[in-house]
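Participant: Shown below is the structure under consideration.
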Amino acid sequence: MRLTCPLCGERDRREFYYYGAEDYLRRPAEGAPLAEWDNYLHLRDNPAGVTKDLWYHEAGCAQWLVVTRNTVTHEISGVELVAERKA
Amino acid sequence: MRIDGKGLIDRTKPVRFRFDGKDYAGYKGDTLASALLANDVRLVGRSFKYHRPRGVLTAGSEEPNALVEVVGPTNQTPNVRATMQEVFEGLVAQSQNRLGSLRFDLLAVNDYLAPFLSAGFYYKTFMWPRVFWEGLYEPLIRRAAGLGSLSGRHDEGTYEKAFAFCDVLVIGSGPSGLMAALTAGRAGADVILCEESHAFGGRLLSDGGVIGGVPAGEWLAQILAELEALPNVRLMLRTTVTGAYDHGTYGALERVGLHKPARPNLPRECFWRIVAKHAVLAAGALERPVAFPDNDRPGIMLASAVRTYLNRYGVSPGKRVTLFANTDQARAVARELMAAGVTVAAIIDPRPDASAVEDCPVHLGAEVVGSWGRLGLAGIQVRKGGDVLQIETDCLAMSGGWNPTLHLTCHMNGRPRWSEELAAFVPMEGAVPGLVAVGAANGSMSTYGALTTGHAAAQKIVAALGRKVQIEVPQAEDAPYAVRALWAVEGKGRAWLDFANDVTTKDVKLAAQEGFRSVEHMKRYTTQGMAPDQGKNSNVAALAVLADATGRGIAETGTTTFRPPYTPVSIAAMGAGGRAEGFAPQRFLTSDQASRDRHAPMIEAGLWYRPSYFPKPGETTWREACDREVAMVREAVGVADVSTLGKIDIQGKDAGRFLDFVYTNTFSTLPVGRVRYGLMLREDGHVLDDGTSARLGEDHYLMTTTTAAAGLVMRHLDFVHQAFCADWQVRFISVTESWAQFAVAGPKARALVQSFLEEPVDLPFMGVAPVRVGGVEGRLFRISFSGEEGYELAVPTRYGEALFRDLVARAETMGGGPYGMEALNVLRIEKGFITHAEIHGRVTAHDIGMEKMVSAKKDCIGKAAATRPGLWGPEREQLVGLKAGAPISAGAHLFVPGTEIHRETDQGYVTSVCWSPTLGAWLGLGFLKDGRARHGEKVRLVDHLRGLDVICEVCSPVFHDPEGEKLRA
Amino acid sequence: MRYSGLRVITEGLFGNRGWTPAWREPSPKAEYDVVIIGGGGHGLSTAYYLAKNHGITNVAVLEKGYLGGGNVGRNTTIVRANYFLPGNSEFYSHSLKLWEGLEAELNYNVMHSQRGLINLFHSDGQRDAFVRRGNAMINQGDDAILLDREGVREHLPYLDFGNTRFPIYGGLLHPRGGSARHDAVAWGYARGADRRGVDLIQNCEVTGIDIENGVVKGVQTTRGAIRAKKVGIVVAGRSSQVAAMAGMRLPIESHILQAFVTEGLKPVINHVVSFGMGHFYISQSDKGGLVFGGDLDFYASYAARGNLPMVEHVMEAGMTLMPMIGRAKVLRSWGGIMDMTPDGSPIIDKTHVEGLFIDCGWNYGGFKAVPASGWCMAHLMATGEPHEVARKFRLDRFATGHLLDEEGTGSQHNLH
């Protein structure tokens, strides 16, 4: 499995750490009801198909990445930096 | 028998080898199978279940029968395919899966019990009485099952792993693969050509023929010479591509040293990870056996195998050969045998309309319906019209047509497509992105078809790579492939489908009869396809028999899938590098050698090695050393290397704000030159880590983490920053390995530290200051993990060892010395400091009594989720201290004295214990339901595993100097 | 038809012509009292215990492929009861007791074999964590024995006790732990359910769940609509997709777990051995193959196949722990789709839809749970109340914080 880091180029999967769905980027505002936190931390669409998830180039540039990826075929159709993502 | 003048073996290089205790001779270039056949050894193994005598069936890695143990000087390798093992001087092999000798295998009795050992019989019996399953039946089954044996000794062989990258990976070096490699190679692409066998050429080595007007061998030599000369082409012999993985990654196994006598440092195998932009599957096709009664006797072989042994190895597997085949192509072997002077007794062709013109008897519309011969084939029964002919023969070459070698195309869940025309499955295009099948692997069965499809695929790839090449495809044989499906022949007796697992047509029919009609059910119920050949010889025929039994077509019946690896791969090869200390990186402290010099046992702490204790002469147990070191710290001064703690340098205008966000407590208000203890939560409200952070400057902090969580915290900080506050002006980097840091603790700590400083520094408790130590810029922290007045002195890593040796030497003059992990642990338990034994991932700030550290004035990671009702309140287990007069243990559970001991009455558990030389008591830290409200109570500590049952007193976790007077002294 | 050794012999004498199908192949009826979606181990055992324990036999099990085609047919077949958190302890303890009578219960030899499970530890801290676990097991009424290094050597003399990266300090022996024949469990429950009147309907994919006014009314399938008073979703691996048909978003992320089997070998490993530092576990099947596995591939996936980094890691773990297996050859690898929950523990609960129940989130511990999961799911569906050993497997426990996090790794699905 290979991922193309926007900063470092194509690298082996071994260099990356996987976190989870991009849901983790949508942190509820301070004071949000607990149901929102449950949604944020636990509940997932978990699609069998295209999804966006979070990877960390741990053995590389230490950037967190949003990867657009198909969970059935593992095809990767896009990678962007979390820090520079379009909202 | 060996045939003069034939074969590609090197007759000038005879090789002696041994099989089952007997010495034989072969030639360089022989496989064990060809050399045994040359010596007229037909019986080479016993079958899995019925222990039937078995001989060589194939000439390739798909061999189901001829599996042997290769015995080396120090170890043995089971289940080696005799068809792949090259002979070398001194090779020793032996047959396997037998009780007694190969000729007189006592377990052959199973064959007579066959009616009772049909598919799935074991699911229906051995159930009564219950204890007999584990006591009697199962051990017997286990002993009888299995194939070869491992020695039980460590595999001390050398194995390697490697990465390779290329534009085009060509898998297989037959005509299609060669053409693809040549085309891509001439175009200048980076090419890797992998060949499983020990010579390039694929079928050209077995079939001969003419290519471009010259003999195939000559053409092959020309092409190979050109490929070898191309710097952008890498030829990899004895390399099987075993798996196709995501994004152009392929696994491949190279047999580096298995064909040579063992010698030190000669790798046995190398497992390659090949990353290819494009791949061409040119793996050819595998011939199919025919299931007729008693089709498994030694001497019954695939027609293509007979041809390979004849043309490549100069061996005729029989003196009087018969051929049973349903294609015109298979006739070639009979003609070539006759040309070599071998008698061909008959050709049996089930096609009534096939040609009868050969130089031997031809029976059209006929089928082989049986065979005889106890340990090897002696004759066959042939049904022709209403008659049954008896034909004496010692070798039957059979062919039921061909299956494209499409396995790799299934490795990403692609299912192959059924072709009625070829009576075979063919690859589904695009099943593995970037991989294209050519030649026989894609159903183009002629040599010319192989050349053109190999060329065409490579041309497309070359174009995609933005390159160009002109190349002419040579003329070659281009006969149409006429096959009539022939899977199984009806007749009395058992007809084998899966030779390796002893699955017959009856088993498949029984599975269907019992409702196991799905192809997956049939496979699992009969075990067809699960043997070492992975169904290569049997899947399609078994499917056909199942389709017939269930009244469906083959396409409708479906197929099982092929999973990696293509051929079995040794654990040692894929696990190369993992042996002994290779399994994980080792991290060493700068003080490592100094500690070892003092005979400190070094123990694993995550990836680090840390000293356990520093024994003194006369001390016989770790406890003696530990007690002494604890007293030394409490009474004088101790030195410990704490460099393993994670250190993160954080800078920027928003550094304080950032720390406020990741810690529960506030750091933006921390004065420069001060240190604060911080608690960090996971976003789910549980404790992630703790540690101190120092403010070195207005916009400059240094965070420390625990040893265990250093990487975790770094990742966490990066995430929080990049995901939630990327626009804040803060940057950080791990400096764990940039600094060596030593704890100096005890009443004489100040004196010891000051003696190192070029200028004296008067630090308050929880202060930090830059210092100069022996001309080096360092940092001094006044922090303590022991409860004594404590300092941590940090210097750049390269000065660590020198400083440690100096600190220890000078400490010793003051009645102090170094202390290890054991003493460090006692000191921190006495003081009630927690480690990851306590913050084990399930505890909250509330559980450890630090809820007040969660600032109400600001948001922080984990604050909201920690308010969930289940994470709060008296039913939670809370951190307590435990004191006892008798030994206690970590891992013990806590109960109310007088209650029964079981899960429902469980009140908590113990996380850390020690004998406290300071307090003269056994101390523990643990978690107890509503524990903070229960100080002063007695609890019963029960450790069933260690046989402990002790009454303890519940108390505050801070046993030593609860007011902290010593720290602030 | 009752199976026995005598029957095997008599049928054998008459050409094995008398064996009848293990189960019927009925067409779906228009209506059932209970429809179970999913014909894997858990679905089949749920149907079996609905019939056996509660007398509810008008039941259909709807399976989109073939019976037992999910994780029950692709796992490392380990059966154990070595959990330590209340909520898990009693459930797996109950399951192990059911395993111990399963052959007689089902009249099917599932080859449950209590070969003993040894969890190795490599530091004092790990030892203490295992002691806590072992004591919890004994408090629950199960068995556990603490072995020191020499104790481990007596059981597993072939391990590398030399200078390895993580030297063996000792192990926790769970004598009643072991393994079973995975397919046989599915087939045994299927045959047992069928014999009690349950309709097992293969190649029948559920495409929708009919809900009216908050009450379940039935399901839509590729073989037509089927009405049902109660519907159970028991489709681990596809839970999120099926639950979405009822408008639910689950606390689940799907992950790949690979497993491996070698070519057949003569007996060489008797126990189930687990090596936590490498996340490696191994046993030898009755056929002789070494069956072993490791950790998740760690990225969300429905591909049912994995990649080389984890393959190699597992092999490296095997080589550091027991280098005598080096020359065994891996015959086949496969991947199963795991329902990973944010605390690593499962869910057996009602849903917001009346009459709709869900059993999911087995992470990679589902195989050993098959008997008790079916037992408890059947109890819940029949009585409307959770079974006492599955009370804590609530769907809302993540929202409320009543977690069952044995690993202590928190709300990241793939870390359990």
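Labeling convention for the structure tokens: chains A, B, ... as they appear, residues from 1 per chain, ligands from 1 in order of appearance.
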Do you have, as CSV, the list of residues of chain B lying at most 8 Å from chain A, each with its nearest atom pair and that distance in Å to one decimal, counting only C-alpha atoms and ordered by chain then number?
Facilitator:
residue,atom,partner,partner_atom,distance
B:Tyr245,CA,A:Met1,CA,6.8
B:Asp246,CA,A:Met1,CA,4.6
B:His247,CA,A:Met1,CA,5.3
B:Gly248,CA,A:Met1,CA,7.6
B:Thr249,CA,A:Met1,CA,6.5
B:Met412,CA,A:Thr73,CA,7.8
B:Glu683,CA,A:Leu41,CA,8.0
B:Asp684,CA,A:Leu41,CA,7.1
B:Arg715,CA,A:Glu58,CA,7.6
B:Asp718,CA,A:Ala62,CA,7.3
B:Phe719,CA,A:Trp64,CA,6.5
B:Gln722,CA,A:Ala83,CA,4.6
B:Ala723,CA,A:Leu25,CA,5.9
B:Phe724,CA,A:Leu25,CA,7.4
B:Ala726,CA,A:Ala83,CA,5.5
B:Asp859,CA,A:Glu30,CA,6.4
B:Ala864,CA,A:Gly31,CA,7.4
B:Ala865,CA,A:Trp37,CA,6.7
B:Arg868,CA,A:Leu34,CA,7.3
Participant: Could the residues of chain B that have an atom at most 6 Å from chain C be listed as JSON lines, each with its closest atom pair and the distance in Å to one decimal, counting only C-alpha atoms and ordered by chain and ascending residue number?
Facilitator:
{"residue": "B:Thr77", "atom": "CA", "partner": "C:Arg327", "partner_atom": "CA", "distance": 5.7}
{"residue": "B:Pro115", "atom": "CA", "partner": "C:Gly12", "partner_atom": "CA", "distance": 4.7}
{"residue": "B:Phe116", "atom": "CA", "partner": "C:Gly12", "partner_atom": "CA", "distance": 4.8}
{"residue": "B:Tyr123", "atom": "CA", "partner": "C:Asn109", "partner_atom": "CA", "distance": 4.4}
{"residue": "B:Lys124", "atom": "CA", "partner": "C:Tyr3", "partner_atom": "CA", "distance": 4.9}
{"residue": "B:Thr125", "atom": "CA", "partner": "C:Gly5", "partner_atom": "CA", "distance": 4.6}
{"residue": "B:Met127", "atom": "CA", "partner": "C:Asn109", "partner_atom": "CA", "distance": 6.0}
{"residue": "B:Arg142", "atom": "CA", "partner": "C:Asp286", "partner_atom": "CA", "distance": 5.1}
{"residue": "B:Ala145", "atom": "CA", "partner": "C:Lys287", "partner_atom": "CA", "distance": 5.3}
{"residue": "B:Gly146", "atom": "CA", "partner": "C:Leu265", "partner_atom": "CA", "distance": 4.2}
{"residue": "B:Leu147", "atom": "CA", "partner": "C:Leu265", "partner_atom": "CA", "distance": 4.9}
{"residue": "B:Gly148", "atom": "CA", "partner": "C:Leu265", "partner_atom": "CA", "distance": 5.2}
{"residue": "B:Ser149", "atom": "CA", "partner": "C:Lys266", "partner_atom": "CA", "distance": 5.1}
{"residue": "B:Gly152", "atom": "CA", "partner": "C:Met324", "partner_atom": "CA", "distance": 5.3}
{"residue": "B:Arg153", "atom": "CA", "partner": "C:Met324", "partner_atom": "CA", "distance": 5.0}
{"residue": "B:His154", "atom": "CA", "partner": "C:Met324", "partner_atom": "CA", "distance": 4.0}
{"residue": "B:Asp155", "atom": "CA", "partner": "C:Met324", "partner_atom": "CA", "distance": 5.1}
{"residue": "B:Tyr245", "atom": "CA", "partner": "C:Asn307", "partner_atom": "CA", "distance": 5.9}
{"residue": "B:Glu514", "atom": "CA", "partner": "C:Pro21", "partner_atom": "CA", "distance": 3.6}
{"residue": "B:Gly515", "atom": "CA", "partner": "C:Pro21", "partner_atom": "CA", "distance": 4.6}
{"residue": "B:Pro532", "atom": "CA", "partner": "C:Glu263", "partner_atom": "CA", "distance": 5.6}
{"residue": "B:Pro564", "atom": "CA", "partner": "C:Ser333", "partner_atom": "CA", "distance": 5.9}
{"residue": "B:Pro568", "atom": "CA", "partner": "C:Leu331", "partner_atom": "CA", "distance": 4.5}
{"residue": "B:Val569", "atom": "CA", "partner": "C:Lys329", "partner_atom": "CA", "distance": 4.7}
{"residue": "B:Ser570", "atom": "CA", "partner": "C:Lys329", "partner_atom": "CA", "distance": 3.9}
{"residue": "B:Ile571", "atom": "CA", "partner": "C:Gly326", "partner_atom": "CA", "distance": 4.9}
{"residue": "B:Ala572", "atom": "CA", "partner": "C:Gly326", "partner_atom": "CA", "distance": 4.1}
{"residue": "B:Met574", "atom": "CA", "partner": "C:Glu312", "partner_atom": "CA", "distance": 5.4}
{"residue": "B:Gly575", "atom": "CA", "partner": "C:Glu316", "partner_atom": "CA", "distance": 3.9}
{"residue": "B:Gly578", "atom": "CA", "partner": "C:Glu316", "partner_atom": "CA", "distance": 4.2}
{"residue": "B:Arg579", "atom": "CA", "partner": "C:Thr320", "partner_atom": "CA", "distance": 4.3}
{"residue": "B:Ala580", "atom": "CA", "partner": "C:Thr164", "partner_atom": "CA", "distance": 4.0}
{"residue": "B:Glu581", "atom": "CA", "partner": "C:Arg165", "partner_atom": "CA", "distance": 4.0}
{"residue": "B:Gly841", "atom": "CA", "partner": "C:Gly408", "partner_atom": "CA", "distance": 4.1}
{"residue": "B:Arg842", "atom": "CA", "partner": "C:Gly408", "partner_atom": "CA", "distance": 5.1}
{"residue": "B:Arg868", "atom": "CA", "partner": "C:Gly401", "partner_atom": "CA", "distance": 5.3}
{"residue": "B:Pro869", "atom": "CA", "partner": "C:Thr400", "partner_atom": "CA", "distance": 5.7}
{"residue": "B:Gly870", "atom": "CA", "partner": "C:Gly401", "partner_atom": "CA", "distance": 4.3}
{"residue": "B:Leu871", "atom": "CA", "partner": "C:Gly401", "partner_atom": "CA", "distance": 5.7}
{"residue": "B:Ala890", "atom": "CA", "partner": "C:Asp128", "partner_atom": "CA", "distance": 5.4}
{"residue": "B:Gly891", "atom": "CA", "partner": "C:Arg132", "partner_atom": "CA", "distance": 3.7}
{"residue": "B:Ala892", "atom": "CA", "partner": "C:Arg132", "partner_atom": "CA", "distance": 5.8}
{"residue": "B:His902", "atom": "CA", "partner": "C:Asn139", "partner_atom": "CA", "distance": 4.3}
{"residue": "B:Arg903", "atom": "CA", "partner": "C:Asn139", "partner_atom": "CA", "distance": 5.1}
{"residue": "B:His944", "atom": "CA", "partner": "C:Asn135", "partner_atom": "CA", "distance": 5.9}
{"residue": "B:Leu945", "atom": "CA", "partner": "C:Leu146", "partner_atom": "CA", "distance": 5.8}
Participant: Report the residues of region 33-108 of chain C whose backbone DSSP state falls under strand (DSSP E or B), written as a list of chain:residue names.
Facilitator: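 Listing strand (DSSP E or B) positions across region 33-108 of chain C yields C:Asp33, C:Val34, C:Val35, C:Ile36, C:Ile37, C:Val59, C:Ala60, C:Val61, C:Leu62, C:Ile78, C:Val79.
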Participant: Excluding same-chain residues fewer than 4 positions from Thr51 (chain A), what lies within 7 Å of it counting only C-alpha atoms, as a ChimeraX atom specification?
Facilitator: /A:47,68-71
Participant: I want to know what sits within 10 Å of region 21-23 of chain B, based on only C-alpha atoms, with residues of the same chain fewer than 5 positions away left out; could you give that as an NGL selection string?
Facilitator: :B and (16 or 90-95)
Participant: List as a list in words the protein and nucleic acid residues near Leu102 (chain B), meaning an atom at most 12 Å away when only C-alpha atoms are counted, but skip any in the same chain fewer than 3 places from it.
Facilitator: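 Near Leu102 (chain B), the qualifying residues are Phe19, Asp20, Gly21, Val41, Arg42, Leu43, Val44, Gly45, Arg46, Ser47, His51, Arg52, Pro53, Arg54, Gly55, Val68, Gln94, Ser95, Gln96, Asn97, Arg98, Leu99, Asp105, Leu106, Leu107, Ala108 and Leu375 of chain B.
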Participant: Mind writing the picked residues with N, CA, C and O atoms as an mmCIF file, in the first residue's frame?
Facilitator:
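Saved to selection10.cif:
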data_model
loop_
_atom_site.group_PDB
_atom_site.id
_atom_site.type_symbol
_atom_site.label_atom_id
_atom_site.label_comp_id
_atom_site.auth_asym_id
_atom_site.auth_seq_id
_atom_site.Cartn_x
_atom_site.Cartn_y
_atom_site.Cartn_z
ATOM 1 N N PHE B 19 18.362 -39.909 -1.035
ATOM 2 C CA PHE B 19 16.915 -39.878 -0.778
ATOM 3 C C PHE B 19 16.538 -41.129 0.013
ATOM 4 O O PHE B 19 16.862 -42.248 -0.404
ATOM 5 N N ASP B 20 15.889 -40.915 1.143
ATOM 6 C CA ASP B 20 15.492 -42.009 2.030
ATOM 7 C C ASP B 20 16.652 -42.963 2.308
ATOM 8 O O ASP B 20 16.520 -44.195 2.243
ATOM 9 N N GLY B 21 17.809 -42.370 2.541
ATOM 10 C CA GLY B 21 18.952 -43.171 2.961
ATOM 11 C C GLY B 21 19.726 -43.826 1.844
ATOM 12 O O GLY B 21 20.714 -44.515 2.095
ATOM 13 N N VAL B 41 13.043 -44.008 -9.736
ATOM 14 C CA VAL B 41 12.330 -43.964 -8.455
ATOM 15 C C VAL B 41 10.990 -43.280 -8.718
ATOM 16 O O VAL B 41 10.941 -42.107 -9.065
ATOM 17 N N ARG B 42 9.950 -44.058 -8.592
ATOM 18 C CA ARG B 42 8.632 -43.474 -8.859
ATOM 19 C C ARG B 42 7.878 -43.148 -7.578
ATOM 20 O O ARG B 42 7.143 -42.182 -7.488
ATOM 21 N N LEU B 43 8.030 -44.002 -6.568
ATOM 22 C CA LEU B 43 7.334 -43.798 -5.301
ATOM 23 C C LEU B 43 8.101 -42.766 -4.476
ATOM 24 O O LEU B 43 9.237 -43.004 -4.067
ATOM 25 N N VAL B 44 7.493 -41.609 -4.230
ATOM 26 C CA VAL B 44 8.213 -40.564 -3.495
ATOM 27 C C VAL B 44 7.462 -40.059 -2.267
ATOM 28 O O VAL B 44 8.006 -39.303 -1.474
ATOM 29 N N GLY B 45 6.197 -40.454 -2.116
ATOM 30 C CA GLY B 45 5.469 -39.936 -0.970
ATOM 31 C C GLY B 45 4.225 -40.746 -0.664
ATOM 32 O O GLY B 45 3.923 -41.732 -1.352
ATOM 33 N N ARG B 46 3.576 -40.322 0.395
ATOM 34 C CA ARG B 46 2.314 -40.939 0.801
ATOM 35 C C ARG B 46 1.265 -39.842 0.890
ATOM 36 O O ARG B 46 1.579 -38.710 1.273
ATOM 37 N N SER B 47 0.035 -40.199 0.579
ATOM 38 C CA SER B 47 -0.992 -39.157 0.555
ATOM 39 C C SER B 47 -1.425 -38.783 1.965
ATOM 40 O O SER B 47 -1.169 -39.505 2.926
ATOM 41 N N HIS B 51 -2.917 -42.310 2.926
ATOM 42 C CA HIS B 51 -1.534 -42.804 2.851
ATOM 43 C C HIS B 51 -1.325 -43.686 1.622
ATOM 44 O O HIS B 51 -0.665 -44.719 1.664
ATOM 45 N N ARG B 52 -1.919 -43.255 0.539
ATOM 46 C CA ARG B 52 -1.735 -43.971 -0.723
ATOM 47 C C ARG B 52 -0.329 -43.697 -1.254
ATOM 48 O O ARG B 52 0.216 -42.605 -1.062
ATOM 49 N N PRO B 53 0.255 -44.678 -1.923
ATOM 50 C CA PRO B 53 1.561 -44.432 -2.536
ATOM 51 C C PRO B 53 1.422 -43.348 -3.597
ATOM 52 O O PRO B 53 0.458 -43.339 -4.364
ATOM 53 N N ARG B 54 2.377 -42.438 -3.638
ATOM 54 C CA ARG B 54 2.278 -41.337 -4.591
ATOM 55 C C ARG B 54 3.624 -41.089 -5.276
ATOM 56 O O ARG B 54 4.684 -41.311 -4.681
ATOM 57 N N GLY B 55 3.500 -40.640 -6.514
ATOM 58 C CA GLY B 55 4.683 -40.276 -7.286
ATOM 59 C C GLY B 55 4.573 -38.851 -7.770
ATOM 60 O O GLY B 55 3.642 -38.121 -7.428
ATOM 61 N N VAL B 68 8.758 -33.556 0.100
ATOM 62 C CA VAL B 68 9.764 -34.282 0.876
ATOM 63 C C VAL B 68 10.350 -33.368 1.944
ATOM 64 O O VAL B 68 10.158 -32.150 1.917
ATOM 65 N N GLN B 94 14.283 -36.793 2.380
ATOM 66 C CA GLN B 94 13.597 -38.012 2.815
ATOM 67 C C GLN B 94 12.099 -37.840 2.635
ATOM 68 O O GLN B 94 11.580 -36.722 2.623
ATOM 69 N N SER B 95 11.425 -38.977 2.495
ATOM 70 C CA SER B 95 9.981 -38.916 2.325
ATOM 71 C C SER B 95 9.332 -38.623 3.671
ATOM 72 O O SER B 95 9.958 -38.743 4.713
ATOM 73 N N GLN B 96 8.077 -38.224 3.641
ATOM 74 C CA GLN B 96 7.401 -37.778 4.862
ATOM 75 C C GLN B 96 5.994 -38.357 4.951
ATOM 76 O O GLN B 96 5.542 -39.046 4.040
ATOM 77 N N ASN B 97 5.346 -38.082 6.057
ATOM 78 C CA ASN B 97 3.978 -38.551 6.289
ATOM 79 C C ASN B 97 3.836 -40.049 6.120
ATOM 80 O O ASN B 97 3.013 -40.532 5.347
ATOM 81 N N ARG B 98 4.632 -40.784 6.808
ATOM 82 C CA ARG B 98 4.544 -42.245 6.773
ATOM 83 C C ARG B 98 4.855 -42.779 8.160
ATOM 84 O O ARG B 98 5.570 -42.149 8.926
ATOM 85 N N LEU B 99 4.295 -43.937 8.463
ATOM 86 C CA LEU B 99 4.577 -44.611 9.725
ATOM 87 C C LEU B 99 5.256 -45.911 9.334
ATOM 88 O O LEU B 99 4.595 -46.845 8.876
ATOM 89 N N ASP B 105 4.055 -48.440 4.699
ATOM 90 C CA ASP B 105 3.520 -47.414 5.584
ATOM 91 C C ASP B 105 2.344 -48.015 6.344
ATOM 92 O O ASP B 105 1.340 -48.398 5.746
ATOM 93 N N LEU B 106 2.499 -48.110 7.670
ATOM 94 C CA LEU B 106 1.453 -48.764 8.476
ATOM 95 C C LEU B 106 0.123 -48.025 8.379
ATOM 96 O O LEU B 106 -0.943 -48.622 8.507
ATOM 97 N N LEU B 107 0.188 -46.708 8.158
ATOM 98 C CA LEU B 107 -1.064 -45.950 8.094
ATOM 99 C C LEU B 107 -1.799 -46.169 6.772
ATOM 100 O O LEU B 107 -2.898 -45.645 6.576
ATOM 101 N N ALA B 108 -1.193 -46.955 5.891
ATOM 102 C CA ALA B 108 -1.896 -47.294 4.648
ATOM 103 C C ALA B 108 -3.181 -48.045 4.940
ATOM 104 O O ALA B 108 -4.057 -48.172 4.079
ATOM 105 N N LEU B 375 2.723 -50.264 -5.906
ATOM 106 C CA LEU B 375 3.494 -49.080 -5.517
ATOM 107 C C LEU B 375 3.865 -48.218 -6.720
ATOM 108 O O LEU B 375 4.630 -47.267 -6.606
#
Participant: Using only C-alpha atoms, determine which residues lie at most 8 Å from Val642 (chain B), disregarding the query and same-chain residues fewer than 3 positions distant; provide the list as a list in words.
Facilitator: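 Contacts, in chain order: Leu645, Ala740, Gln741, Phe742 and Ala743 of chain B.
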Participant: Let's have the selection written as a short mmCIF file (atom, residue, chain, number, x, y, z; two decimals), in the first residue's frame, with all heavy atoms.
Facilitator:
data_model
loop_
_atom_site.label_atom_id
_atom_site.label_comp_id
_atom_site.auth_asym_id
_atom_site.auth_seq_id
_atom_site.Cartn_x
_atom_site.Cartn_y
_atom_site.Cartn_z
N LEU B 645 12.50 9.91 29.30
CA LEU B 645 11.27 10.71 29.28
C LEU B 645 11.21 11.51 27.98
O LEU B 645 12.23 12.01 27.51
CB LEU B 645 11.25 11.68 30.47
CG LEU B 645 11.18 11.04 31.87
CD1 LEU B 645 11.09 12.13 32.92
CD2 LEU B 645 9.99 10.11 31.96
N ALA B 740 20.58 14.55 27.31
CA ALA B 740 20.72 13.53 28.35
C ALA B 740 20.37 14.20 29.66
O ALA B 740 20.82 15.31 29.92
CB ALA B 740 22.14 13.00 28.39
N GLN B 741 19.55 13.52 30.45
CA GLN B 741 19.03 14.18 31.65
C GLN B 741 19.13 13.24 32.83
O GLN B 741 18.75 12.07 32.73
CB GLN B 741 17.57 14.60 31.38
CG GLN B 741 17.03 15.55 32.43
CD GLN B 741 15.88 16.40 31.87
OE1 GLN B 741 15.91 16.82 30.71
NE2 GLN B 741 14.88 16.64 32.67
N PHE B 742 19.64 13.77 33.94
CA PHE B 742 19.89 12.93 35.10
C PHE B 742 19.20 13.50 36.33
O PHE B 742 19.32 14.69 36.61
CB PHE B 742 21.40 12.82 35.36
CG PHE B 742 22.13 12.30 34.15
CD1 PHE B 742 22.80 13.18 33.31
CD2 PHE B 742 22.08 10.94 33.83
CE1 PHE B 742 23.43 12.71 32.16
CE2 PHE B 742 22.72 10.48 32.69
CZ PHE B 742 23.39 11.36 31.85
N ALA B 743 18.48 12.61 37.00
CA ALA B 743 17.86 13.01 38.26
C ALA B 743 18.92 12.89 39.35
O ALA B 743 19.66 11.92 39.42
CB ALA B 743 16.67 12.11 38.57
#
Participant: Would you give me, as a list in words, the residues in region 671-733 of chain B that DSSP reads as helix (DSSP H, G or I)?
Facilitator: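 Result set for region 671-733 of chain B (helix (DSSP H, G or I)): Ala710, Gly711, Leu712, Val713, Met714, Arg715, His716, Leu717, Asp718, Phe719, Val720, His721, Gln722, Ala723 and Phe724 of chain B.
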Participant: Near Pro917 (chain B), within 9 Å and counting only C-alpha atoms, which residues show up once chain neighbours fewer than 5 positions away are dropped, as a list in words?
Facilitator: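 Those residues are Asp627, Arg628, Val630, Ala631, Val826 and Trp922 of chain B.
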Participant: What would the file look like if the residues just selected were written as a PDB file, in the first residue's frame with C-alpha atoms?
Facilitator:
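Everything below was put into result-v6.pdb:
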ATOM      1  CA  ASP B 627      16.576  -1.206  49.620  1.00  0.00           C
ATOM      2  CA  ARG B 628      20.082   0.187  49.821  1.00  0.00           C
ATOM      3  CA  VAL B 630      16.252   3.798  48.363  1.00  0.00           C
ATOM      4  CA  ALA B 631      17.917   4.509  51.691  1.00  0.00           C
ATOM      5  CA  VAL B 826       9.858   2.327  45.390  1.00  0.00           C
ATOM      6  CA  TRP B 922       4.456  -3.038  52.412  1.00  0.00           C
TER       7      TRP B 922
END
